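Engineer: My structure file coords39.csv, CSV, C-alpha atoms, is below:
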```csv
chain,number,residue,atom,x,y,z
A,1,MET,CA,130.3,110.2,114.5
A,2,LEU,CA,126.5,110.3,114.5
A,3,SER,CA,124.8,112.5,111.9
A,4,ASP,CA,123.3,115.6,113.5
A,5,VAL,CA,120.5,115.6,110.9
A,6,LEU,CA,119.3,112.1,111.7
A,7,HIS,CA,120.2,111.9,115.4
A,8,GLN,CA,117.0,113.7,116.4
A,9,PRO,CA,114.0,111.5,117.5
A,10,ILE,CA,111.4,113.1,115.2
A,11,ARG,CA,113.7,113.1,112.1
A,12,THR,CA,114.8,109.5,112.9
A,13,GLN,CA,111.1,108.4,113.0
A,14,VAL,CA,110.3,110.2,109.8
A,15,MET,CA,113.3,108.7,108.0
A,16,ALA,CA,112.5,105.2,109.4
A,17,LEU,CA,109.0,105.5,108.1
A,18,LEU,CA,110.1,106.7,104.7
A,19,VAL,CA,112.9,104.1,104.4
A,20,ASN,CA,110.1,101.5,105.0
A,21,VAL,CA,107.4,102.9,102.7
A,22,GLU,CA,109.6,104.9,100.3
A,23,GLU,CA,107.0,107.7,100.0
A,24,ALA,CA,104.1,109.0,102.1
A,25,ASP,CA,101.9,112.1,102.2
A,26,PHE,CA,102.0,114.8,104.8
A,27,LYS,CA,98.9,113.6,106.6
A,28,THR,CA,100.0,109.9,106.7
A,29,ILE,CA,103.4,110.8,108.3
A,30,LYS,CA,101.8,113.2,110.7
A,31,THR,CA,99.1,110.7,111.8
A,32,GLN,CA,101.4,107.6,112.0
A,33,LEU,CA,104.0,109.5,114.0
A,34,SER,CA,101.5,111.6,116.0
A,35,LEU,CA,103.3,114.9,115.1
A,36,THR,CA,102.0,118.4,115.0
A,37,ASP,CA,101.9,120.5,111.8
A,38,GLY,CA,104.6,122.7,113.2
A,39,HIS,CA,106.9,119.8,114.0
A,40,MET,CA,106.3,118.3,110.6
A,41,THR,CA,107.1,121.5,108.7
A,42,THR,CA,110.3,122.2,110.7
A,43,HIS,CA,111.8,118.8,110.5
A,44,MET,CA,110.8,118.1,106.9
A,45,LYS,CA,112.5,121.3,105.9
A,46,VAL,CA,115.7,120.0,107.5
A,47,LEU,CA,115.5,116.7,105.7
A,48,VAL,CA,114.6,118.4,102.4
A,49,SER,CA,117.5,120.9,102.6
A,50,ASN,CA,119.9,118.0,103.2
A,51,ASN,CA,118.5,116.2,100.1
A,52,TYR,CA,117.4,113.2,102.1
A,53,VAL,CA,113.8,113.7,101.1
A,54,VAL,CA,112.2,115.3,98.0
A,55,VAL,CA,108.8,117.0,98.0
A,56,GLU,CA,106.1,116.6,95.4
A,57,LYS,CA,103.1,118.8,95.5
A,58,LEU,CA,100.0,117.7,93.6
A,59,PHE,CA,96.3,118.0,93.5
A,60,VAL,CA,94.0,115.1,94.2
A,61,ASP,CA,90.3,115.7,93.8
A,62,ASN,CA,91.0,119.4,93.7
A,63,LYS,CA,92.7,119.2,97.1
A,64,PRO,CA,96.5,119.9,97.5
A,65,LYS,CA,98.6,116.9,98.6
A,66,THR,CA,102.2,117.0,99.6
A,67,ILE,CA,104.1,113.8,99.1
A,68,TYR,CA,107.5,113.2,100.6
A,69,LYS,CA,109.9,110.7,98.9
A,70,ILE,CA,113.1,109.4,100.3
A,71,THR,CA,116.1,109.9,98.0
A,72,THR,CA,118.9,107.4,97.4
A,73,GLU,CA,121.2,109.7,99.4
A,74,GLY,CA,118.7,109.8,102.2
A,75,LYS,CA,118.4,106.0,102.3
A,76,GLN,CA,122.2,105.6,102.3
A,77,ALA,CA,122.6,108.2,105.1
A,78,PHE,CA,119.9,106.4,107.2
A,79,LEU,CA,121.6,103.0,106.7
A,80,ASP,CA,124.9,104.5,107.7
A,81,TYR,CA,123.3,106.1,110.7
A,82,VAL,CA,121.8,102.8,111.8
A,83,GLN,CA,125.2,101.1,111.4
A,84,ALA,CA,126.8,103.9,113.4
A,85,LEU,CA,124.3,103.3,116.2
A,86,ARG,CA,125.1,99.6,116.1
A,87,ASN,CA,128.8,100.2,116.2
A,88,LEU,CA,128.3,102.5,119.2
A,89,ILE,CA,126.4,99.8,121.1
A,90,GLU,CA,128.9,97.1,120.2
A,91,LYS,CA,131.9,99.3,121.1
A,92,GLY,CA,133.9,98.4,124.1
B,1,MET,CA,134.5,107.7,135.7
B,2,PRO,CA,132.7,110.7,134.1
B,3,ASN,CA,134.0,109.4,130.7
B,4,MET,CA,132.5,106.0,131.4
B,5,SER,CA,129.1,107.5,132.2
B,6,ILE,CA,129.1,109.6,129.0
B,7,GLU,CA,129.9,106.4,127.0
B,8,ASN,CA,127.1,104.5,128.7
B,9,LYS,CA,124.7,107.4,128.1
B,10,GLU,CA,125.6,107.4,124.4
B,11,LYS,CA,125.1,103.6,124.2
B,12,LEU,CA,121.8,103.9,125.9
B,13,GLU,CA,120.7,106.7,123.6
B,14,ALA,CA,121.8,104.6,120.6
B,15,LEU,CA,119.8,101.7,121.8
B,16,GLU,CA,116.8,103.9,122.3
B,17,GLN,CA,117.1,105.2,118.8
B,18,LEU,CA,117.3,101.7,117.3
B,19,LYS,CA,114.3,100.6,119.3
B,20,LEU,CA,112.4,103.7,118.0
B,21,ILE,CA,113.3,102.8,114.4
B,22,GLN,CA,112.2,99.2,114.9
B,23,LYS,CA,108.9,100.5,116.4
B,24,VAL,CA,108.2,102.9,113.6
B,25,ILE,CA,108.8,100.3,110.9
B,26,THR,CA,106.7,97.6,112.6
B,27,ALA,CA,103.9,100.1,113.3
B,28,SER,CA,103.7,101.3,109.8
B,29,ASN,CA,103.5,97.7,108.5
B,30,THR,CA,100.9,96.7,111.1
B,31,LEU,CA,98.7,99.7,110.2
B,32,THR,CA,98.3,98.4,106.7
B,33,PHE,CA,96.4,95.4,108.0
B,34,SER,CA,92.8,95.5,109.1
B,35,GLY,CA,92.2,93.8,112.4
B,36,LYS,CA,88.5,94.5,112.0
B,37,ARG,CA,88.4,92.5,108.8
B,38,LEU,CA,90.2,89.6,110.3
B,39,ILE,CA,87.7,89.5,113.2
B,40,THR,CA,84.8,89.6,110.8
B,41,VAL,CA,86.2,86.7,108.8
B,42,GLY,CA,86.9,84.9,112.1
B,43,ILE,CA,83.3,85.2,113.2
B,44,LEU,CA,82.1,84.0,109.8
B,45,LEU,CA,84.4,81.0,110.0
B,46,ILE,CA,83.1,80.0,113.4
B,47,LEU,CA,79.5,80.4,112.1
B,48,THR,CA,80.3,78.3,108.9
B,49,PRO,CA,79.4,74.9,110.4
B,50,GLY,CA,76.0,76.4,111.4
B,51,ILE,CA,75.6,77.9,107.9
B,52,GLN,CA,76.5,74.6,106.3
B,53,PHE,CA,73.9,72.9,108.5
B,54,ILE,CA,71.2,75.3,107.2
B,55,LEU,CA,72.5,74.8,103.6
B,56,THR,CA,72.3,71.0,104.0
B,57,LYS,CA,68.9,71.1,105.5
B,58,THR,CA,67.6,73.4,102.7
B,59,LEU,CA,69.5,73.5,99.4
B,60,TRP,CA,70.9,70.0,99.5
B,61,LYS,CA,67.3,68.6,99.9
B,62,ILE,CA,66.5,69.9,96.4
B,63,SER,CA,66.5,67.0,94.0
B,64,TYR,CA,69.6,67.7,91.9
B,65,PHE,CA,71.7,68.5,95.0
B,66,ASN,CA,70.6,65.2,96.4
B,67,ALA,CA,72.3,63.3,93.6
B,68,ASN,CA,74.9,60.6,94.0
B,69,SER,CA,78.4,61.6,95.0
B,70,GLY,CA,80.6,62.3,91.9
B,71,SER,CA,77.6,62.8,89.6
B,72,ALA,CA,77.1,66.0,87.6
B,73,GLY,CA,74.3,67.1,89.9
B,74,TYR,CA,76.3,66.5,93.0
B,75,ASN,CA,79.3,68.4,91.5
B,76,THR,CA,77.0,71.3,90.6
B,77,GLY,CA,75.7,71.3,94.1
B,78,LEU,CA,79.3,71.5,95.5
B,79,VAL,CA,80.3,74.4,93.2
B,80,ILE,CA,77.1,76.3,94.2
B,81,ASN,CA,77.8,75.6,97.8
B,82,ILE,CA,81.4,76.9,97.5
B,83,LEU,CA,80.2,80.0,95.6
B,84,ILE,CA,77.6,80.8,98.3
B,85,TYR,CA,80.4,80.9,100.9
B,86,PHE,CA,82.6,83.0,98.6
B,87,VAL,CA,79.8,85.6,97.9
B,88,LEU,CA,78.8,85.6,101.6
B,89,PHE,CA,82.3,86.2,102.8
B,90,LYS,CA,83.0,88.8,100.2
B,91,LEU,CA,79.7,90.7,100.8
B,92,LEU,CA,80.0,90.7,104.5
B,93,THR,CA,83.6,91.7,104.8
B,94,TYR,CA,83.2,94.2,102.0
B,95,SER,CA,80.2,96.0,103.5
B,96,TYR,CA,81.4,95.8,107.1
B,97,CYS,CA,85.0,96.9,106.4
B,98,SER,CA,84.6,99.0,103.3
B,99,GLU,CA,85.0,102.3,105.2
B,100,GLU,CA,88.2,101.1,106.7
B,101,LYS,CA,89.5,99.9,103.4
B,102,ARG,CA,88.7,103.3,101.9
B,103,ASN,CA,90.7,105.0,104.6
B,104,ARG,CA,93.7,102.8,104.3
B,105,SER,CA,96.4,104.5,102.4
B,106,ARG,CA,98.1,102.3,99.9
B,107,SER,CA,100.7,104.9,99.1
B,108,ALA,CA,102.3,104.7,102.5
B,109,MET,CA,103.0,101.0,102.4
B,110,ASN,CA,106.1,99.0,102.4
B,111,PRO,CA,106.8,98.1,98.8
B,112,THR,CA,107.2,94.4,99.7
B,113,LEU,CA,103.8,94.5,101.5
B,114,LYS,CA,102.3,96.3,98.5
B,115,ARG,CA,103.4,93.5,96.2
B,116,LEU,CA,102.2,90.9,98.7
B,117,PHE,CA,98.7,92.6,98.7
B,118,ASP,CA,98.8,92.5,94.9
B,119,ILE,CA,99.5,88.8,94.8
B,120,HIS,CA,97.2,88.1,97.7
B,121,GLU,CA,94.1,88.6,95.4
B,122,VAL,CA,95.6,86.3,92.8
B,123,ILE,CA,96.3,83.6,95.5
B,124,ILE,CA,92.7,83.9,96.8
B,125,TRP,CA,91.2,83.5,93.3
B,126,THR,CA,93.6,80.6,92.5
B,127,MET,CA,92.5,79.0,95.7
B,128,VAL,CA,88.8,79.3,94.8
B,129,ALA,CA,89.4,78.0,91.3
B,130,ILE,CA,91.3,75.0,92.7
B,131,ILE,CA,88.6,74.3,95.3
B,132,ILE,CA,85.9,74.3,92.6
B,133,ALA,CA,88.1,72.1,90.3
B,134,GLU,CA,88.8,69.6,93.2
B,135,ALA,CA,85.1,69.5,94.1
B,136,CYS,CA,84.2,68.8,90.4
B,137,PHE,CA,86.7,66.0,90.1
B,138,GLY,CA,85.5,64.3,93.4
B,139,GLN,CA,88.6,65.4,95.3
B,140,ALA,CA,86.8,67.5,97.9
B,141,TYR,CA,88.8,66.0,100.8
B,142,TYR,CA,91.9,67.8,99.5
B,143,ILE,CA,90.1,71.2,99.9
B,144,LEU,CA,90.6,71.7,103.7
B,145,PRO,CA,94.4,70.7,103.8
B,146,MET,CA,95.0,72.9,100.7
B,147,VAL,CA,93.2,75.9,102.2
B,148,PHE,CA,95.2,75.6,105.5
B,149,ILE,CA,98.5,75.3,103.6
B,150,PHE,CA,97.7,78.2,101.3
B,151,ILE,CA,96.5,80.5,104.2
B,152,GLY,CA,99.5,79.4,106.2
B,153,LEU,CA,101.9,80.5,103.5
B,154,LEU,CA,100.1,83.8,102.9
B,155,PHE,CA,100.1,84.7,106.6
B,156,ASN,CA,103.7,83.6,106.9
B,157,LEU,CA,104.7,86.3,104.4
B,158,PHE,CA,102.5,88.9,106.2
B,159,GLY,CA,103.7,87.8,109.6
B,160,ARG,CA,107.3,88.5,108.8
B,161,LEU,CA,106.5,92.1,108.3
B,162,THR,CA,104.0,92.7,111.1
B,163,VAL,CA,103.3,91.1,114.5
B,164,LYS,CA,104.8,87.9,115.8
B,165,SER,CA,101.4,86.2,116.6
B,166,VAL,CA,100.6,86.2,112.8
B,167,LEU,CA,103.8,84.3,112.1
B,168,VAL,CA,103.1,81.8,114.9
B,169,PHE,CA,99.6,81.1,113.6
B,170,SER,CA,100.9,80.8,110.0
B,171,TYR,CA,103.1,77.9,111.1
B,172,SER,CA,100.2,76.3,112.9
B,173,TYR,CA,98.1,76.5,109.7
B,174,ILE,CA,100.7,74.8,107.7
B,175,ILE,CA,101.1,72.0,110.3
B,176,ILE,CA,97.4,71.5,110.5
B,177,GLY,CA,97.2,71.5,106.7
B,178,VAL,CA,99.8,68.7,106.5
B,179,ILE,CA,98.0,66.8,109.3
B,180,TYR,CA,94.8,67.0,107.4
B,181,LEU,CA,96.6,65.8,104.3
B,182,CYS,CA,97.8,62.8,106.2
B,183,LEU,CA,94.3,62.1,107.5
B,184,THR,CA,92.8,62.4,104.0
B,185,TYR,CA,92.3,58.6,103.6
B,186,HIS,CA,91.2,58.2,107.2
B,187,TYR,CA,88.0,60.2,107.0
B,188,ILE,CA,87.1,61.4,110.4
B,189,GLN,CA,83.7,63.1,110.6
B,190,PHE,CA,83.6,66.7,111.9
B,191,THR,CA,87.3,67.3,111.6
B,192,TRP,CA,86.5,70.2,109.2
B,193,ILE,CA,84.3,71.8,111.9
B,194,ILE,CA,87.3,71.7,114.4
B,195,GLY,CA,89.5,73.1,111.7
B,196,LEU,CA,87.2,76.0,110.8
B,197,ILE,CA,86.6,76.8,114.4
B,198,TYR,CA,90.3,76.9,115.0
B,199,LEU,CA,90.8,79.1,111.9
B,200,GLY,CA,88.0,81.4,113.2
B,201,ILE,CA,89.3,81.7,116.7
B,202,SER,CA,92.9,82.4,115.4
B,203,TYR,CA,91.6,85.0,113.0
B,204,ILE,CA,89.8,86.8,115.8
B,205,PHE,CA,92.9,86.6,118.0
B,206,MET,CA,95.1,88.0,115.3
B,207,GLY,CA,92.5,90.7,114.6
B,208,ILE,CA,92.5,91.7,118.3
B,209,LYS,CA,96.3,91.7,118.4
B,210,LEU,CA,96.5,93.9,115.3
B,211,ASN,CA,93.9,96.3,116.7
B,212,GLN,CA,95.7,96.5,120.0
B,213,LYS,CA,98.9,97.3,118.2
B,214,SER,CA,97.2,99.9,116.1
B,215,ARG,CA,95.8,101.5,119.3
B,216,GLU,CA,99.2,101.4,120.9
B,217,ILE,CA,100.6,103.2,117.9
B,218,SER,CA,97.9,105.9,117.9
B,219,HIS,CA,98.2,106.5,121.6
B,220,ALA,CA,102.0,106.5,121.5
B,221,GLU,CA,104.0,109.7,121.7
```
Please express the file's structure as C-alpha cells.
Structural biologist:
Amino acid sequence: MLSDVLHQPIRTQVMALLVNVEEADFKTIKTQLSLTDGHMTTHMKVLVSNNYVVVEKLFVDNKPKTIYKITTEGKQAFLDYVQALRNLIEKG
Amino acid sequence: MPNMSIENKEKLEALEQLKLIQKVITASNTLTFSGKRLITVGILLILTPGIQFILTKTLWKISYFNANSGSAGYNTGLVINILIYFVLFKLLTYSYCSEEKRNRSRSAMNPTLKRLFDIHEVIIWTMVAIIIAEACFGQAYYILPMVFIFIGLLFNLFGRLTVKSVLVFSYSYIIIGVIYLCLTYHYIQFTWIIGLIYLGISYIFMGIKLNQKSREISHAE
C-alpha cells in the first residue's frame, strides 16, 4: 500500500530533494522544484503535520528564513515508499 | 481485463514516480556545480600554451630564469612560472564566477557533495604544493601525469553524483595520466600542449552539459 502523504508528485519531489540534501530553505525548494508559494505552503504543511519534516525559522541579515529539515521518520517513510514503488513494478 | 489495466496503470504511475525522484536528486546535485566556471577554466587551459609562449619569450629571457636546468635559478623560475598560472586561474575564475558562487546555496547540498567540496580545496592545494616540490627537485616531467590522475579522481567522485559525461571524462583523465606516466622517459615535445588542449575542450564540454542540465531543470515543470 502506497503512502497517501508521499504518493503525490509535489510532495514526492520535496521529499526526494530533502532526502538528498537533508535540509533546504523555502526559496531553494521553491526554485529548484519550480513551485508556487501556495503549493509550497500547502504541501509543506502536510509533511510537517506528519512529522516527516521539521521547520526552523531564523533571521539571516535581518531577513526571515524558513528552513525545512527531513526527520529520521521522514527519511524512513520515503525509503519505504521507494521500496513499495519498486515492489509494485516488479510485481507479477 | 479491467483489473489488468488498473495494475498496468499503477505500475506506470510507480515508474513515473521513481523517474521523478531520480530526476530531482540528479538535478539538485547538478545545480551545485558551476558550468560557467568549468567553461572559464577550459578556455584558460586552451590558452595556456599561448600564455606559456609569452612567458618563455619574456620572463624566461631574464638572466636567472635562463639558468641551467636543475640549478637554483632554474627552479626559482619554474616555481614563479607555476605561481603565475595559479594566480591567473584563481583571479580570472574568481572575478568571472564570483557572482554565481555567491548565489550558490551550500545549505541545500548533498552532504557527500558538501564533504567533497571541502576536500576539493585541500586536494587542489596539495596538488600545487606537489607540483612546486617536483619542479624544485627536477622532476617536472611528473607534473602533467600527476595533474591528470588527480583531476581524474576528483571528477570521478563528482561525476558519480551528477551527470554521466563528467564520469566518462574522469576515466579519460586517469587513462591519459597513466599514458603520460609511461611516456615520462620517452620525452615527446608538445605532448603537454595536446594534453592541456584536451583538458580545456573537455572542461568546456562538461560546462556546457552542466549548463544545459541546469536550464532543463529550471524550465521543467
Engineer: Output as a PyMOL selection string the set of chain A residues within 7 Å of chain B, with distances taken over only C-alpha atoms.
Structural biologist: chain A and resi 13+16-17+20-21+23-24+34+85+88-89
Engineer: Nearest to Lys57 of chain A among A:Asp25, A:Asp80, A:Glu90, A:Glu73, with distances taken over only C-alpha atoms: which residue is it?
Structural biologist: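 The answer is A:Asp25, which sits nearest to Lys57 of chain A.
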Engineer: Any idea what's packed within 12 Å of His39 of chain A, counting only C-alpha atoms, ignoring anything in its chain fewer than 5 positions away? Could you give it as a compact mmCIF listing (two decimals) with C-alpha atoms, keeping the file's coordinate frame?
Structural biologist:
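File written: part-v6.txt
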```
# COMPACT_ATOMS: atom_id res chain seq x y z
CA PRO A 9 114.00 111.50 117.50
CA ILE A 10 111.40 113.10 115.20
CA ARG A 11 113.70 113.10 112.10
CA VAL A 14 110.30 110.20 109.80
CA PHE A 26 102.00 114.80 104.80
CA ILE A 29 103.40 110.80 108.30
CA LYS A 30 101.80 113.20 110.70
CA LEU A 33 104.00 109.50 114.00
CA SER A 34 101.50 111.60 116.00
CA MET A 44 110.80 118.10 106.90
CA LYS A 45 112.50 121.30 105.90
CA VAL A 46 115.70 120.00 107.50
```
Engineer: How many Å lie between atom CA of Phe78 of chain A and atom CA of Glu22 of chain A, rounded to one decimal?
Structural biologist: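 For atom CA of Phe78 of chain A relative to atom CA of Glu22 of chain A, the distance reads 12.5 Å.
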Engineer: Atom CA of Leu59 of chain B and atom CA of Leu92 of chain B are how many Å apart?
Structural biologist: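 These atoms are spaced 20.8 Å apart.
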Engineer: When distances are computed from all atoms listed in the file, which of B:Ile131, B:Leu210, B:Leu157, B:Phe89 shows the smallest separation from Ile119 of chain B?
Structural biologist: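 That would be B:Leu157, the residue with the smallest distance to Ile119 of chain B.
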Engineer: For Gly42 of chain B, please output as a list in words all residues within 8 Å (counting all atoms listed in the file; exclusion window: fewer than 3 positions along the same chain).
Structural biologist: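 Answer for this query is Leu38, Ile39, Leu45, Ile46, Leu199, Gly200, Ile201, Ser202, Tyr203 and Ile204 of chain B.
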Engineer: Can you list, as a list in words, every protein, DNA or RNA residue that comes within 10 Å of Val178 of chain B when you count all atoms listed in the file, leaving out same-chain residues fewer than 5 positions away?
Structural biologist: Pro145, Met146, Phe148, Ile149, Ser172, Tyr173, Leu183 and Thr184 of chain B
Engineer: How far is it from atom CA of Lys213 of chain B to atom CA of Thr40 of chain B, in Å with one decimal?
Structural biologist: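 Result for atom CA of Lys213 of chain B versus atom CA of Thr40 of chain B: 17.7 Å, one decimal.
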Engineer: Model the absent atoms of segment 188-207 of chain B so that N, CA and C atoms are present, and write the result as a PDB file, in the coordinates of the input.
Structural biologist:
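selection-v5.pdb was written with the following content:
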```pdb
ATOM      1  N   ILE B 188      87.630  61.246 109.078  1.00  0.00           N
ATOM      2  CA  ILE B 188      87.100  61.400 110.400  1.00  0.00           C
ATOM      3  C   ILE B 188      86.018  62.491 110.333  1.00  0.00           C
ATOM      4  N   GLN B 189      84.818  62.158 110.704  1.00  0.00           N
ATOM      5  CA  GLN B 189      83.700  63.100 110.600  1.00  0.00           C
ATOM      6  C   GLN B 189      83.988  64.325 111.547  1.00  0.00           C
ATOM      7  N   PHE B 190      83.542  65.455 111.134  1.00  0.00           N
ATOM      8  CA  PHE B 190      83.600  66.700 111.900  1.00  0.00           C
ATOM      9  C   PHE B 190      84.983  67.317 112.080  1.00  0.00           C
ATOM     10  N   THR B 191      86.017  66.718 111.475  1.00  0.00           N
ATOM     11  CA  THR B 191      87.300  67.300 111.600  1.00  0.00           C
ATOM     12  C   THR B 191      87.332  68.734 110.941  1.00  0.00           C
ATOM     13  N   TRP B 192      86.547  68.869 109.868  1.00  0.00           N
ATOM     14  CA  TRP B 192      86.500  70.200 109.200  1.00  0.00           C
ATOM     15  C   TRP B 192      85.877  71.231 110.094  1.00  0.00           C
ATOM     16  N   ILE B 193      84.942  70.792 110.983  1.00  0.00           N
ATOM     17  CA  ILE B 193      84.300  71.800 111.900  1.00  0.00           C
ATOM     18  C   ILE B 193      85.397  72.263 112.897  1.00  0.00           C
ATOM     19  N   ILE B 194      86.188  71.317 113.414  1.00  0.00           N
ATOM     20  CA  ILE B 194      87.300  71.700 114.400  1.00  0.00           C
ATOM     21  C   ILE B 194      88.246  72.638 113.671  1.00  0.00           C
ATOM     22  N   GLY B 195      88.603  72.285 112.434  1.00  0.00           N
ATOM     23  CA  GLY B 195      89.500  73.100 111.700  1.00  0.00           C
ATOM     24  C   GLY B 195      89.037  74.512 111.442  1.00  0.00           C
ATOM     25  N   LEU B 196      87.777  74.633 111.038  1.00  0.00           N
ATOM     26  CA  LEU B 196      87.200  76.000 110.800  1.00  0.00           C
ATOM     27  C   LEU B 196      87.080  76.786 112.047  1.00  0.00           C
ATOM     28  N   ILE B 197      86.695  76.099 113.135  1.00  0.00           N
ATOM     29  CA  ILE B 197      86.600  76.800 114.400  1.00  0.00           C
ATOM     30  C   ILE B 197      87.940  77.340 114.853  1.00  0.00           C
ATOM     31  N   TYR B 198      88.982  76.495 114.686  1.00  0.00           N
ATOM     32  CA  TYR B 198      90.300  76.900 115.000  1.00  0.00           C
ATOM     33  C   TYR B 198      90.753  78.128 114.174  1.00  0.00           C
ATOM     34  N   LEU B 199      90.441  78.010 112.875  1.00  0.00           N
ATOM     35  CA  LEU B 199      90.800  79.100 111.900  1.00  0.00           C
ATOM     36  C   LEU B 199      90.066  80.387 112.379  1.00  0.00           C
ATOM     37  N   GLY B 200      88.790  80.263 112.719  1.00  0.00           N
ATOM     38  CA  GLY B 200      88.000  81.400 113.200  1.00  0.00           C
ATOM     39  C   GLY B 200      88.542  82.062 114.409  1.00  0.00           C
ATOM     40  N   ILE B 201      88.827  81.197 115.417  1.00  0.00           N
ATOM     41  CA  ILE B 201      89.300  81.700 116.700  1.00  0.00           C
ATOM     42  C   ILE B 201      90.698  82.413 116.471  1.00  0.00           C
ATOM     43  N   SER B 202      91.554  81.780 115.651  1.00  0.00           N
ATOM     44  CA  SER B 202      92.900  82.400 115.400  1.00  0.00           C
ATOM     45  C   SER B 202      92.774  83.692 114.659  1.00  0.00           C
ATOM     46  N   TYR B 203      91.827  83.779 113.730  1.00  0.00           N
ATOM     47  CA  TYR B 203      91.600  85.000 113.000  1.00  0.00           C
ATOM     48  C   TYR B 203      91.194  86.136 113.973  1.00  0.00           C
ATOM     49  N   ILE B 204      90.253  85.793 114.865  1.00  0.00           N
ATOM     50  CA  ILE B 204      89.800  86.800 115.800  1.00  0.00           C
ATOM     51  C   ILE B 204      90.942  87.234 116.728  1.00  0.00           C
ATOM     52  N   PHE B 205      91.744  86.255 117.177  1.00  0.00           N
ATOM     53  CA  PHE B 205      92.900  86.600 118.000  1.00  0.00           C
ATOM     54  C   PHE B 205      93.879  87.490 117.320  1.00  0.00           C
ATOM     55  N   MET B 206      94.184  87.152 116.060  1.00  0.00           N
ATOM     56  CA  MET B 206      95.100  88.000 115.300  1.00  0.00           C
ATOM     57  C   MET B 206      94.539  89.381 115.068  1.00  0.00           C
ATOM     58  N   GLY B 207      93.227  89.428 114.787  1.00  0.00           N
ATOM     59  CA  GLY B 207      92.500  90.700 114.600  1.00  0.00           C
ATOM     60  C   GLY B 207      92.636  91.586 115.818  1.00  0.00           C
TER      61      GLY B 207
END
```
